[in-house]
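Next up, coords05.tsv (TSV, C-alpha atoms):
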chain	number	residue	atom	x	y	z
T	1401	MET	CA	77.38	57.35	36.26
T	1402	SER	CA	75.26	55.22	34.04
T	1403	LYS	CA	77.94	52.65	34.15
T	1404	PHE	CA	76.64	51.50	37.50
T	1405	LYS	CA	73.04	51.49	36.52
T	1406	LYS	CA	71.17	48.43	37.72
T	1407	LYS	CA	70.12	45.91	35.17
T	1408	LYS	CA	66.58	46.48	34.19
T	1409	ASN	CA	65.66	42.83	33.91
T	1410	ASP	CA	65.65	41.63	37.53
T	1411	GLU	CA	63.01	38.91	37.00
T	1412	MET	CA	64.00	35.36	37.76
T	1413	PRO	CA	64.34	33.19	34.71
T	1414	ALA	CA	61.59	30.59	34.42
T	1415	ILE	CA	62.52	27.14	35.68
T	1416	SER	CA	62.52	24.66	32.90
T	1417	THR	CA	59.92	21.96	33.35
T	1418	ALA	CA	61.08	19.94	30.41
T	1419	SER	CA	62.27	17.10	32.63
T	1420	LEU	CA	59.04	16.89	34.60
T	1421	PRO	CA	57.51	14.21	32.34
T	1422	ASP	CA	60.64	12.11	32.78
T	1423	ILE	CA	60.35	12.24	36.53
T	1424	VAL	CA	56.66	11.42	36.50
T	1425	PHE	CA	57.18	8.57	34.05
T	1426	MET	CA	59.83	7.18	36.33
T	1427	LEU	CA	57.39	7.19	39.23
T	1428	LEU	CA	54.73	5.69	37.00
T	1429	PHE	CA	56.94	2.79	35.97
T	1430	PHE	CA	57.92	2.16	39.57
T	1431	PHE	CA	54.28	1.84	40.60
T	1432	MET	CA	53.43	-0.30	37.60
T	1433	VAL	CA	56.18	-2.76	38.46
T	1434	ALA	CA	55.97	-2.79	42.24
T	1435	THR	CA	52.22	-3.06	42.69
T	1436	GLU	CA	49.43	-5.25	41.47
T	1437	MET	CA	45.79	-4.72	40.70
T	1438	ARG	CA	43.34	-4.55	43.55
T	1439	ASP	CA	40.95	-7.44	43.18
T	1440	SER	CA	38.43	-6.58	45.83
T	1441	THR	CA	37.52	-3.54	47.83
T	1442	LEU	CA	37.96	-4.01	51.53
T	1443	LEU	CA	34.80	-3.49	53.52
T	1444	ILE	CA	36.50	-4.28	56.80
T	1445	GLN	CA	39.37	-2.98	58.84
T	1446	ASN	CA	42.34	-5.12	58.02
T	1447	GLU	CA	45.34	-4.41	60.13
T	1448	LEU	CA	47.34	-7.61	59.89
T	1449	PRO	CA	49.42	-8.85	62.83
T	1450	TYR	CA	53.20	-9.06	62.70
T	1451	ALA	CA	55.27	-12.24	62.52
T	1452	ASP	CA	58.84	-12.99	61.55
T	1453	GLN	CA	58.78	-16.72	60.77
T	1454	VAL	CA	57.00	-16.12	57.49
T	1455	GLU	CA	57.02	-17.92	54.19
T	1456	LYS	CA	56.14	-16.28	50.94
T	1457	LEU	CA	53.06	-17.29	49.01
T	1458	GLU	CA	54.27	-18.24	45.58
T	1459	LYS	CA	51.61	-18.70	42.95
T	1460	LYS	CA	49.30	-15.71	43.35
T	1461	ASP	CA	46.60	-17.21	41.15
T	1462	LEU	CA	46.33	-20.27	43.40
T	1463	VAL	CA	45.43	-18.31	46.50
T	1464	MET	CA	41.93	-17.90	47.84
T	1465	TYR	CA	41.52	-14.92	50.12
T	1466	ILE	CA	39.26	-14.83	53.13
T	1467	TYR	CA	39.13	-11.51	54.95
T	1468	ALA	CA	37.79	-10.96	58.43
T	1469	GLY	CA	37.60	-8.08	60.81
T	1470	GLN	CA	35.44	-5.29	62.10
T	1471	PRO	CA	33.47	-3.49	59.35
T	1472	SER	CA	35.02	-0.17	58.34
T	1473	GLU	CA	33.62	3.03	59.76
T	1474	ARG	CA	31.34	3.76	56.82
T	1475	TYR	CA	29.71	0.32	56.77
T	1476	ARG	CA	29.09	0.15	60.49
T	1477	SER	CA	25.59	1.57	60.30
T	1478	THR	CA	24.47	-1.26	58.03
T	1479	ALA	CA	26.77	-4.11	58.97
T	1480	GLY	CA	27.14	-3.54	62.70
T	1481	SER	CA	30.38	-3.34	64.62
T	1482	ALA	CA	30.92	-7.03	65.32
T	1483	ALA	CA	33.68	-8.71	63.31
T	1484	ARG	CA	32.53	-10.05	59.95
T	1485	ILE	CA	33.88	-12.20	57.16
T	1486	GLN	CA	34.40	-10.80	53.69
T	1487	LEU	CA	34.49	-13.02	50.61
T	1488	ASN	CA	35.19	-11.35	47.27
T	1489	ASP	CA	33.38	-8.00	47.48
T	1490	LYS	CA	30.65	-8.88	49.93
T	1491	PHE	CA	30.11	-9.48	53.60
T	1492	ALA	CA	29.49	-13.15	54.22
T	1493	ASP	CA	28.49	-15.53	56.95
T	1494	VAL	CA	30.37	-18.54	58.17
T	1495	GLU	CA	28.07	-20.85	56.21
T	1496	ASP	CA	29.02	-19.19	52.91
T	1497	ILE	CA	32.65	-20.27	53.15
T	1498	GLN	CA	32.12	-23.79	51.85
T	1499	LYS	CA	30.22	-22.49	48.83
T	1500	PHE	CA	32.98	-19.96	48.21
T	1501	ILE	CA	35.67	-22.65	48.30
T	1502	TYR	CA	33.74	-24.88	45.90
T	1503	SER	CA	33.17	-22.07	43.42
T	1504	GLU	CA	36.84	-21.09	43.57
T	1505	ARG	CA	37.79	-24.70	42.86
T	1506	GLU	CA	35.37	-24.80	39.98
T	1507	SER	CA	37.08	-21.84	38.34
T	1508	LYS	CA	40.54	-23.43	38.41
T	1509	ARG	CA	41.97	-26.10	36.15
T	1510	GLU	CA	41.55	-29.58	37.56
T	1511	GLU	CA	45.23	-30.37	38.09
T	1512	LEU	CA	45.69	-27.18	40.09
T	1513	VAL	CA	42.84	-27.73	42.51
T	1514	ASP	CA	44.85	-29.55	45.14
T	1515	LYS	CA	47.51	-26.84	45.08
T	1516	LEU	CA	45.10	-24.15	46.21
T	1517	ILE	CA	45.98	-22.34	49.41
T	1518	THR	CA	43.59	-20.34	51.52
T	1519	ALA	CA	45.05	-17.11	52.83
T	1520	LEU	CA	43.42	-15.77	55.96
T	1521	LYS	CA	43.73	-12.02	56.14
T	1522	VAL	CA	42.38	-11.31	59.55
T	1523	ASP	CA	42.53	-8.10	61.54
T	1524	LYS	CA	44.61	-8.47	64.65
T	1525	GLU	CA	41.84	-7.32	66.98
T	1526	THR	CA	39.48	-10.08	65.86
T	1527	ASN	CA	38.47	-12.72	68.37
T	1528	MET	CA	39.77	-16.21	67.75
T	1529	GLY	CA	36.20	-17.52	67.94
T	1530	LEU	CA	35.48	-16.25	64.46
T	1531	VAL	CA	38.81	-17.50	63.12
T	1532	SER	CA	38.11	-20.95	64.57
T	1533	ASP	CA	34.69	-21.00	62.93
T	1534	ILE	CA	36.37	-20.22	59.61
T	1535	LYS	CA	38.89	-23.00	60.18
T	1536	GLN	CA	36.13	-25.50	60.97
T	1537	GLU	CA	34.37	-24.62	57.72
T	1538	LEU	CA	37.62	-24.98	55.79
T	1539	ARG	CA	38.12	-28.41	57.29
T	1540	LYS	CA	34.62	-29.41	56.21
T	1541	ALA	CA	35.36	-28.18	52.70
T	1542	GLU	CA	38.71	-30.00	52.79
T	1543	ALA	CA	40.70	-26.87	52.08
T	1544	LEU	CA	43.39	-27.83	54.54
T	1545	LYS	CA	46.33	-25.76	53.35
T	1546	ILE	CA	46.10	-22.36	54.95
T	1547	ASN	CA	48.30	-19.35	55.39
T	1548	TYR	CA	47.88	-16.79	58.12
T	1549	THR	CA	48.87	-13.70	56.19
T	1550	THR	CA	50.95	-11.36	58.31
T	1551	ARG	CA	53.18	-8.38	57.96
T	1552	THR	CA	56.86	-9.04	58.45
T	1553	GLY	CA	58.07	-7.65	61.74
T	1554	ASP	CA	58.60	-8.39	65.38
T	1555	ALA	CA	55.70	-10.42	66.77
T	1556	SER	CA	55.85	-8.63	70.13
T	1557	LYS	CA	54.29	-5.60	68.44
T	1558	ASN	CA	50.98	-7.46	68.35
T	1559	GLN	CA	50.13	-6.79	71.98
I	1370	MET	CA	61.39	24.00	-3.74
I	1371	ALA	CA	62.19	25.27	-0.33
I	1372	ARG	CA	62.49	22.60	2.25
I	1373	ARG	CA	60.30	23.17	5.27
I	1374	SER	CA	61.51	21.81	8.55
I	1375	ALA	CA	58.96	19.75	10.49
I	1376	PRO	CA	57.26	21.83	13.15
I	1377	GLU	CA	58.24	20.94	16.71
I	1378	VAL	CA	55.62	19.08	18.65
I	1379	ASN	CA	54.70	20.79	21.87
I	1380	ALA	CA	55.47	18.41	24.71
I	1381	GLY	CA	54.19	20.66	27.46
I	1382	SER	CA	51.20	18.46	28.20
I	1383	MET	CA	53.23	15.30	28.45
I	1384	ALA	CA	53.58	15.79	32.19
I	1385	ASP	CA	49.82	16.08	32.59
I	1386	ILE	CA	49.26	12.83	30.72
I	1387	ALA	CA	51.89	11.06	32.77
I	1388	PHE	CA	50.42	12.37	36.01
I	1389	LEU	CA	47.02	11.12	34.97
I	1390	LEU	CA	48.39	7.62	34.37
I	1391	LEU	CA	50.36	7.73	37.58
I	1392	ILE	CA	47.31	8.63	39.63
I	1393	PHE	CA	45.27	5.93	37.92
I	1394	PHE	CA	47.85	3.32	38.91
I	1395	LEU	CA	48.13	4.67	42.44
I	1396	VAL	CA	44.42	4.27	42.95
I	1397	THR	CA	43.79	0.90	41.31
I	1398	THR	CA	46.75	-1.07	42.59
I	1399	LYS	CA	48.08	-2.17	45.94
I	1400	ILE	CA	51.41	-3.29	47.25
I	1401	SER	CA	50.80	-6.89	48.14
I	1402	THR	CA	51.56	-8.45	51.50
I	1403	ASP	CA	51.54	-12.06	50.53
I	1404	SER	CA	53.64	-13.71	53.13
I	1405	GLY	CA	52.60	-15.41	56.29
I	1406	ILE	CA	52.71	-18.46	58.48
I	1407	ASN	CA	51.78	-21.62	56.64
I	1408	SER	CA	49.79	-24.22	58.43
I	1409	LYS	CA	47.90	-27.38	57.66
I	1410	LEU	CA	44.51	-28.10	59.17
I	1411	PRO	CA	43.64	-31.62	60.28
I	1412	GLN	CA	41.13	-33.68	58.35
I	1413	TRP	CA	37.51	-33.18	59.31
I	1414	GLN	CA	36.40	-35.99	61.58
I	1415	PRO	CA	32.94	-37.03	62.60
I	1416	GLU	CA	32.42	-36.22	66.23
I	1417	ASP	CA	31.79	-39.73	67.50
I	1418	VAL	CA	35.27	-40.96	66.54
I	1419	PRO	CA	37.44	-41.10	69.66
I	1420	PRO	CA	40.73	-39.20	69.38
I	1421	PRO	CA	43.89	-41.31	69.16
I	1422	LYS	CA	45.62	-42.08	72.44
I	1423	ILE	CA	48.81	-40.07	72.95
I	1424	LYS	CA	51.07	-40.30	75.97
I	1425	GLN	CA	50.76	-37.19	78.11
I	1426	LYS	CA	54.50	-36.63	78.17
I	1427	ASN	CA	54.57	-36.28	74.39
I	1428	ILE	CA	52.15	-33.38	74.44
I	1429	PHE	CA	53.28	-29.81	75.06
I	1430	THR	CA	50.20	-27.84	75.94
I	1431	VAL	CA	50.10	-24.10	75.34
I	1432	ILE	CA	46.96	-22.28	76.40
I	1433	ILE	CA	46.30	-18.62	75.58
I	1434	ASP	CA	43.58	-16.93	77.57
I	1435	ASN	CA	41.54	-13.92	76.51
I	1436	ASN	CA	44.11	-11.45	77.88
I	1437	GLY	CA	46.94	-13.01	75.93
I	1438	GLN	CA	48.37	-14.71	79.05
I	1439	LEU	CA	50.19	-17.96	78.41
I	1440	LEU	CA	49.81	-21.16	80.36
I	1441	VAL	CA	52.45	-23.63	79.25
I	1442	GLU	CA	52.34	-27.14	80.73
I	1443	ASP	CA	50.27	-25.75	83.65
I	1444	GLU	CA	52.67	-22.92	84.41
I	1445	LEU	CA	52.46	-19.24	83.60
I	1446	MET	CA	55.05	-18.16	81.07
I	1447	GLU	CA	56.14	-15.02	79.26
I	1448	LEU	CA	56.11	-14.98	75.48
I	1449	GLU	CA	59.86	-14.51	75.16
I	1450	ASN	CA	60.57	-17.75	77.05
I	1451	LEU	CA	58.17	-19.83	74.98
I	1452	ARG	CA	60.47	-20.57	72.06
I	1453	GLU	CA	63.22	-21.79	74.36
I	1454	SER	CA	61.01	-24.21	76.25
I	1455	ALA	CA	59.38	-25.45	73.05
I	1456	ILE	CA	62.84	-26.21	71.67
I	1457	ALA	CA	63.77	-28.01	74.89
I	1458	PHE	CA	60.63	-30.11	74.58
I	1459	LEU	CA	61.04	-30.98	70.89
I	1460	ASP	CA	64.74	-31.64	71.12
I	1461	ASN	CA	64.55	-33.71	74.30
I	1462	GLY	CA	65.19	-37.07	72.64
I	1463	ALA	CA	64.53	-39.50	75.50
I	1464	GLU	CA	64.56	-42.45	73.08
I	1465	GLY	CA	65.02	-43.18	69.40
I	1466	CYS	CA	66.60	-39.89	68.34
I	1467	ASP	CA	70.32	-39.85	67.62
I	1468	TYR	CA	70.53	-36.23	66.40
I	1469	CYS	CA	68.72	-34.61	69.32
I	1470	GLN	CA	70.84	-32.50	71.64
I	1471	GLY	CA	68.40	-32.22	74.53
I	1472	THR	CA	68.78	-33.46	78.07
I	1473	GLY	CA	66.93	-36.74	77.50
I	1474	ASP	CA	64.53	-36.08	80.36
I	1475	PRO	CA	62.28	-39.18	80.69
I	1476	ASN	CA	59.32	-36.96	81.60
I	1477	SER	CA	59.50	-34.97	78.37
I	1478	SER	CA	59.00	-36.05	74.75
I	1479	ASP	CA	60.40	-39.34	73.38
I	1480	ASN	CA	61.53	-37.97	70.03
I	1481	PRO	CA	60.55	-35.18	67.59
I	1482	GLU	CA	58.52	-37.70	65.62
I	1483	LYS	CA	56.14	-38.22	68.54
I	1484	ALA	CA	56.27	-34.77	70.11
I	1485	ILE	CA	53.10	-32.78	69.59
I	1486	ILE	CA	52.54	-29.16	70.48
I	1487	SER	CA	48.94	-28.48	71.30
I	1488	LEU	CA	47.91	-24.86	71.00
I	1489	GLN	CA	44.62	-24.07	72.69
I	1490	ASN	CA	42.84	-20.78	72.86
I	1491	ASP	CA	39.77	-19.14	74.17
I	1492	ARG	CA	37.06	-17.79	71.87
I	1493	LYS	CA	37.90	-14.31	73.11
I	1494	THR	CA	41.65	-14.52	72.51
I	1495	SER	CA	42.67	-11.82	70.04
I	1496	TYR	CA	44.08	-12.94	66.72
I	1497	GLY	CA	47.21	-10.83	67.20
I	1498	ASP	CA	48.11	-12.68	70.41
I	1499	TYR	CA	47.45	-16.00	68.74
I	1500	ILE	CA	49.74	-15.19	65.82
I	1501	ALA	CA	52.47	-14.02	68.22
I	1502	VAL	CA	52.39	-17.41	69.97
I	1503	MET	CA	52.12	-19.32	66.71
I	1504	ASN	CA	55.13	-17.37	65.47
I	1505	GLU	CA	57.22	-18.45	68.46
I	1506	LEU	CA	56.25	-22.12	68.04
I	1507	VAL	CA	57.00	-22.12	64.31
I	1508	GLY	CA	60.22	-20.32	65.24
I	1509	ALA	CA	61.13	-23.23	67.52
I	1510	TYR	CA	60.72	-25.71	64.67
I	1511	ASN	CA	62.68	-23.48	62.32
I	1512	THR	CA	65.54	-23.10	64.80
I	1513	LEU	CA	65.90	-26.86	65.13
I	1514	ARG	CA	65.59	-27.45	61.40
I	1515	ASN	CA	68.14	-24.75	60.71
I	1516	ARG	CA	70.57	-26.38	63.12
I	1517	GLU	CA	70.27	-29.80	61.48
I	1518	ALA	CA	70.40	-28.40	57.94
I	1519	GLU	CA	73.49	-26.41	58.88
I	1520	ARG	CA	75.13	-29.55	60.27
I	1521	MET	CA	74.24	-31.86	57.37
I	1522	TYR	CA	74.36	-29.57	54.33
I	1523	GLY	CA	76.10	-26.42	55.55
I	1524	GLN	CA	73.10	-24.28	54.73
I	1525	SER	CA	70.20	-23.15	56.86
I	1526	PHE	CA	66.76	-24.65	56.31
I	1527	VAL	CA	65.09	-21.29	55.74
I	1528	GLU	CA	67.65	-20.52	53.06
I	1529	MET	CA	67.10	-23.90	51.41
I	1530	GLU	CA	63.37	-23.26	51.25
I	1531	LYS	CA	63.92	-19.81	49.86
I	1532	ASN	CA	66.18	-21.19	47.15
I	1533	PHE	CA	63.65	-23.88	46.35
I	1534	TYR	CA	60.93	-21.33	45.62
I	1535	ASP	CA	63.31	-18.99	43.82
I	1536	GLY	CA	62.80	-19.37	40.08
I	1537	THR	CA	66.34	-18.29	39.25
I	1538	TYR	CA	68.11	-20.73	41.55
I	1539	PRO	CA	70.97	-22.20	39.53
I	1540	GLY	CA	71.51	-25.41	41.56
I	1541	ASN	CA	69.82	-28.79	41.43
I	1542	LYS	CA	66.21	-28.39	42.54
I	1543	ALA	CA	65.35	-32.08	42.80
I	1544	LYS	CA	68.23	-32.64	45.16
I	1545	LEU	CA	67.26	-29.59	47.17
I	1546	GLU	CA	63.69	-30.81	47.50
I	1547	GLU	CA	64.92	-34.17	48.73
I	1548	ARG	CA	67.07	-32.49	51.36
I	1549	ILE	CA	64.23	-30.24	52.50
I	1550	GLU	CA	62.04	-33.30	52.86
I	1551	ILE	CA	64.69	-35.07	54.97
I	1552	ILE	CA	65.02	-32.11	57.31
I	1553	ARG	CA	61.26	-31.73	57.54
I	1554	ASN	CA	60.92	-35.35	58.55
I	1555	MET	CA	63.58	-35.02	61.22
I	1556	TYR	CA	61.48	-32.37	62.96
I	1557	PRO	CA	57.95	-32.78	61.60
I	1558	GLN	CA	55.77	-29.81	62.40
I	1559	LYS	CA	53.12	-31.38	64.60
I	1560	LEU	CA	51.33	-28.30	65.76
I	1561	SER	CA	47.78	-29.05	66.73
I	1562	GLU	CA	45.38	-26.11	66.78
I	1563	ALA	CA	42.50	-27.35	68.82
I	1564	GLU	CA	39.02	-25.93	68.71
I	1565	PRO	CA	38.55	-23.23	71.32
I	1566	LYS	CA	36.87	-23.93	74.60
I	1567	GLU	CA	33.70	-22.10	75.40

Any chance you could put this one into structure tokens?
Amino acid sequence: MSKFKKKKNDEMPAISTASLPDIVFMLLFFFMVATEMRDSTLLIQNELPYADQVEKLEKKDLVMYIYAGQPSERYRSTAGSAARIQLNDKFADVEDIQKFIYSERESKREELVDKLITALKVDKETNMGLVSDIKQELRKAEALKINYTTRTGDASKNQ
Amino acid sequence: MARRSAPEVNAGSMADIAFLLLIFFLVTTKISTDSGINSKLPQWQPEDVPPPKIKQKNIFTVIIDNNGQLLVEDELMELENLRESAIAFLDNGAEGCDYCQGTGDPNSSDNPEKAIISLQNDRKTSYGDYIAVMNELVGAYNTLRNREAERMYGQSFVEMEKNFYDGTYPGNKAKLEERIEIIRNMYPQKLSEAEPKE
């Protein structure tokens, strides 16, 4: 009879986790390669519009970023809910743009100054009035090369 | 003397260390979205300088109102028809354009050199609508440039530009730049973004 006795050890064998570090390292390397450091914290909502006739911005170090949009939920009590401009890490007014452009130029080598491009990262709900004000200031500061940063996709999704 | 084997290092915490690094990178980095529509602003001009005289037939006026409605050359238009009519306007070629394939309508533009698209908007127009229209107009230029590049060099203009910026492109870059410049001058992007009306 004891021939058919059940095995005593009916516990599952432990799953080996020896390959877990390998998997995590793989993920880690993917993120290290595919992403880049955040340079400023966004204080505003920044849902970019879609477009499909896009060109890529090449030299990342020659791009000046101007953000605009409605302040994020947590800053609304102090910054209000009207669309604002963000330069570096701070909210800014339209008048600050020229100063910002000049200081960015100052920090670059002289031969690179005329290759600078201004990237406008503007939330799609923003009114064009603010964007036009920004453009006027850029014209005054003679930063004429601009790029409307968009996500790649069908432009009809903007409505 | 008895040889002792080296004790095995416990690698159980390796996963924890790797997770820590992974989470650090997840938090401090972003996946960049650095592509968009390039544009060039006009020079700043003092306000008392009168604007240059341009014949009305060489201007293609596109107005976007605050609801995103389009008024093109005084007629209402849907967004999907905009690219087509912009191409018809740019490619009209009434005089002095031997590569244009348009109808040569004397009431439309003379040649791509003179044709100007004027994009006007309201202060309350949303940025998304504006970009959608801008996208169609840039698309019109790209379509025409692609056609000419295809005809002259057997390669589309967008592809040529992509190759030009590609660091690993094996071909002759100087020649490519020259060709891009030729195509650009055939259909110069004269897209005027006027200041919004109050």

Handout entry: Selection: 12 Å around Ala1518 of chain I, all atoms listed in the file, excl. self and same-chain fewer than 6 positions, as a list in words
Key =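 What passes the distance filter is Tyr1468, Asn1511, Thr1512, Gln1524, Ser1525, Phe1526, Val1527, Glu1528, Met1529, Glu1530, Leu1545, Arg1548, Ile1549, Glu1550, Ile1551, Ile1552, Arg1553, Asn1554, Met1555 and Tyr1556 of chain I.
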
File dump, residues just selected, C-alpha atoms, as a PDB file, keeping the file's coordinate frame:
ATOM      1  CA  TYR I1468      70.530 -36.230  66.400  1.00  0.00           C
ATOM      2  CA  ASN I1511      62.680 -23.480  62.320  1.00  0.00           C
ATOM      3  CA  THR I1512      65.540 -23.100  64.800  1.00  0.00           C
ATOM      4  CA  GLN I1524      73.100 -24.280  54.730  1.00  0.00           C
ATOM      5  CA  SER I1525      70.200 -23.150  56.860  1.00  0.00           C
ATOM      6  CA  PHE I1526      66.760 -24.650  56.310  1.00  0.00           C
ATOM      7  CA  VAL I1527      65.090 -21.290  55.740  1.00  0.00           C
ATOM      8  CA  GLU I1528      67.650 -20.520  53.060  1.00  0.00           C
ATOM      9  CA  MET I1529      67.100 -23.900  51.410  1.00  0.00           C
ATOM     10  CA  GLU I1530      63.370 -23.260  51.250  1.00  0.00           C
ATOM     11  CA  LEU I1545      67.260 -29.590  47.170  1.00  0.00           C
ATOM     12  CA  ARG I1548      67.070 -32.490  51.360  1.00  0.00           C
ATOM     13  CA  ILE I1549      64.230 -30.240  52.500  1.00  0.00           C
ATOM     14  CA  GLU I1550      62.040 -33.300  52.860  1.00  0.00           C
ATOM     15  CA  ILE I1551      64.690 -35.070  54.970  1.00  0.00           C
ATOM     16  CA  ILE I1552      65.020 -32.110  57.310  1.00  0.00           C
ATOM     17  CA  ARG I1553      61.260 -31.730  57.540  1.00  0.00           C
ATOM     18  CA  ASN I1554      60.920 -35.350  58.550  1.00  0.00           C
ATOM     19  CA  MET I1555      63.580 -35.020  61.220  1.00  0.00           C
ATOM     20  CA  TYR I1556      61.480 -32.370  62.960  1.00  0.00           C
TER      21      TYR I1556
END

Practice task
Tell me, as a PyMOL selection string, which residues lie within 9 Å of Phe1491 of chain T, counting all atoms listed in the file; anything in the same chain fewer than 5 positions away does not count.
Solution key: chain T and resi 1443-1444+1471+1479+1484-1486

Practice task
Record the distance separating atom CA of Glu1464 of chain I and atom CA of Tyr1522 of chain I, expressed in Å with one decimal.
Solution key: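 A separation of 24.8 Å between them.
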
Handout entry: Answer as a PyMOL selection string, residues within 10 Å of (53.9, -7.0, 72.1) using all atoms listed in the file
Key = (chain T and resi 1450+1554-1559) or (chain I and resi 1437+1448+1497-1498+1501)

Exercise for the section: May I ask you to extract the residues of chain I within 8 Å of chain T, using only C-alpha atoms, and to give them as number ranges by chain? Expected result: I: 1381, 1383-1385, 1387-1388, 1390-1391, 1394-1395, 1397-1413, 1490-1501, 1504, 1507-1508, 1511, 1534, 1564-1565

Problem - Length of the atom CA of Tyr1465 of chain T to atom CA of Leu1512 of chain T vector [Å] - result: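 Taking atom CA of Tyr1465 of chain T as the start and atom CA of Leu1512 of chain T as the end point, the length is 16.4 Å.
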
Exercise for the section: Quote the spacing between atom CA of Ser1503 of chain T and atom CA of Gly1469 of chain T in Å to one decimal place. Expected result: 22.8 Å

Problem - Given only C-alpha atoms as the counted atoms, nearest of I:Asp1467, I:Glu1505, I:Asp1417, I:Glu1547 to Leu1488 of chain I - result: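 Using only C-alpha atoms, the shortest distance to Leu1488 of chain I belongs to I:Glu1505.
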
Take every atom of segment 1456-1467 of chain I listed in the file, pad by 5 Å on each side, and give me the axis-aligned box centre and edge lengths in Å, one decimal, as JSON.
{"center_x": 65.5, "center_y": -34.7, "center_z": 71.6, "size_x": 19.7, "size_y": 27.0, "size_z": 17.9}

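Each of I:Leu1451, I:Ile1433, I:Ile1386, I:Ala1463 was checked against Ala1563 of chain I using only C-alpha atoms; the smallest atom-to-atom distance is that of I:Ile1433.
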
Within 12 Å of Gly1471 of chain I using only C-alpha atoms, minus same-chain residues under 4 positions, as a PDB file with C-alpha atoms, in the frame of the given file:
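What follows is the written file out_7.pdb:
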ATOM      1  CA  GLU I1453      63.220 -21.790  74.360  1.00  0.00           C
ATOM      2  CA  SER I1454      61.010 -24.210  76.250  1.00  0.00           C
ATOM      3  CA  ALA I1455      59.380 -25.450  73.050  1.00  0.00           C
ATOM      4  CA  ILE I1456      62.840 -26.210  71.670  1.00  0.00           C
ATOM      5  CA  ALA I1457      63.770 -28.010  74.890  1.00  0.00           C
ATOM      6  CA  PHE I1458      60.630 -30.110  74.580  1.00  0.00           C
ATOM      7  CA  LEU I1459      61.040 -30.980  70.890  1.00  0.00           C
ATOM      8  CA  ASP I1460      64.740 -31.640  71.120  1.00  0.00           C
ATOM      9  CA  ASN I1461      64.550 -33.710  74.300  1.00  0.00           C
ATOM     10  CA  GLY I1462      65.190 -37.070  72.640  1.00  0.00           C
ATOM     11  CA  ALA I1463      64.530 -39.500  75.500  1.00  0.00           C
ATOM     12  CA  GLU I1464      64.560 -42.450  73.080  1.00  0.00           C
ATOM     13  CA  CYS I1466      66.600 -39.890  68.340  1.00  0.00           C
ATOM     14  CA  ASP I1467      70.320 -39.850  67.620  1.00  0.00           C
ATOM     15  CA  PRO I1475      62.280 -39.180  80.690  1.00  0.00           C
ATOM     16  CA  SER I1477      59.500 -34.970  78.370  1.00  0.00           C
ATOM     17  CA  SER I1478      59.000 -36.050  74.750  1.00  0.00           C
ATOM     18  CA  ASP I1479      60.400 -39.340  73.380  1.00  0.00           C
ATOM     19  CA  ASN I1480      61.530 -37.970  70.030  1.00  0.00           C
ATOM     20  CA  PRO I1481      60.550 -35.180  67.590  1.00  0.00           C
ATOM     21  CA  LEU I1513      65.900 -26.860  65.130  1.00  0.00           C
TER      22      LEU I1513
END

Practice task
Up to 9 Å from (32.7, -18.7, 51.9) in the file's coordinates: name the residues, counting only C-alpha atoms, as a list in words.
Solution key: Ile1466, Ile1485, Gln1486, Leu1487, Ala1492, Asp1493, Val1494, Glu1495, Asp1496, Ile1497, Gln1498, Lys1499, Phe1500, Ile1501, Tyr1502, Ile1534, Glu1537 and Leu1538 of chain T
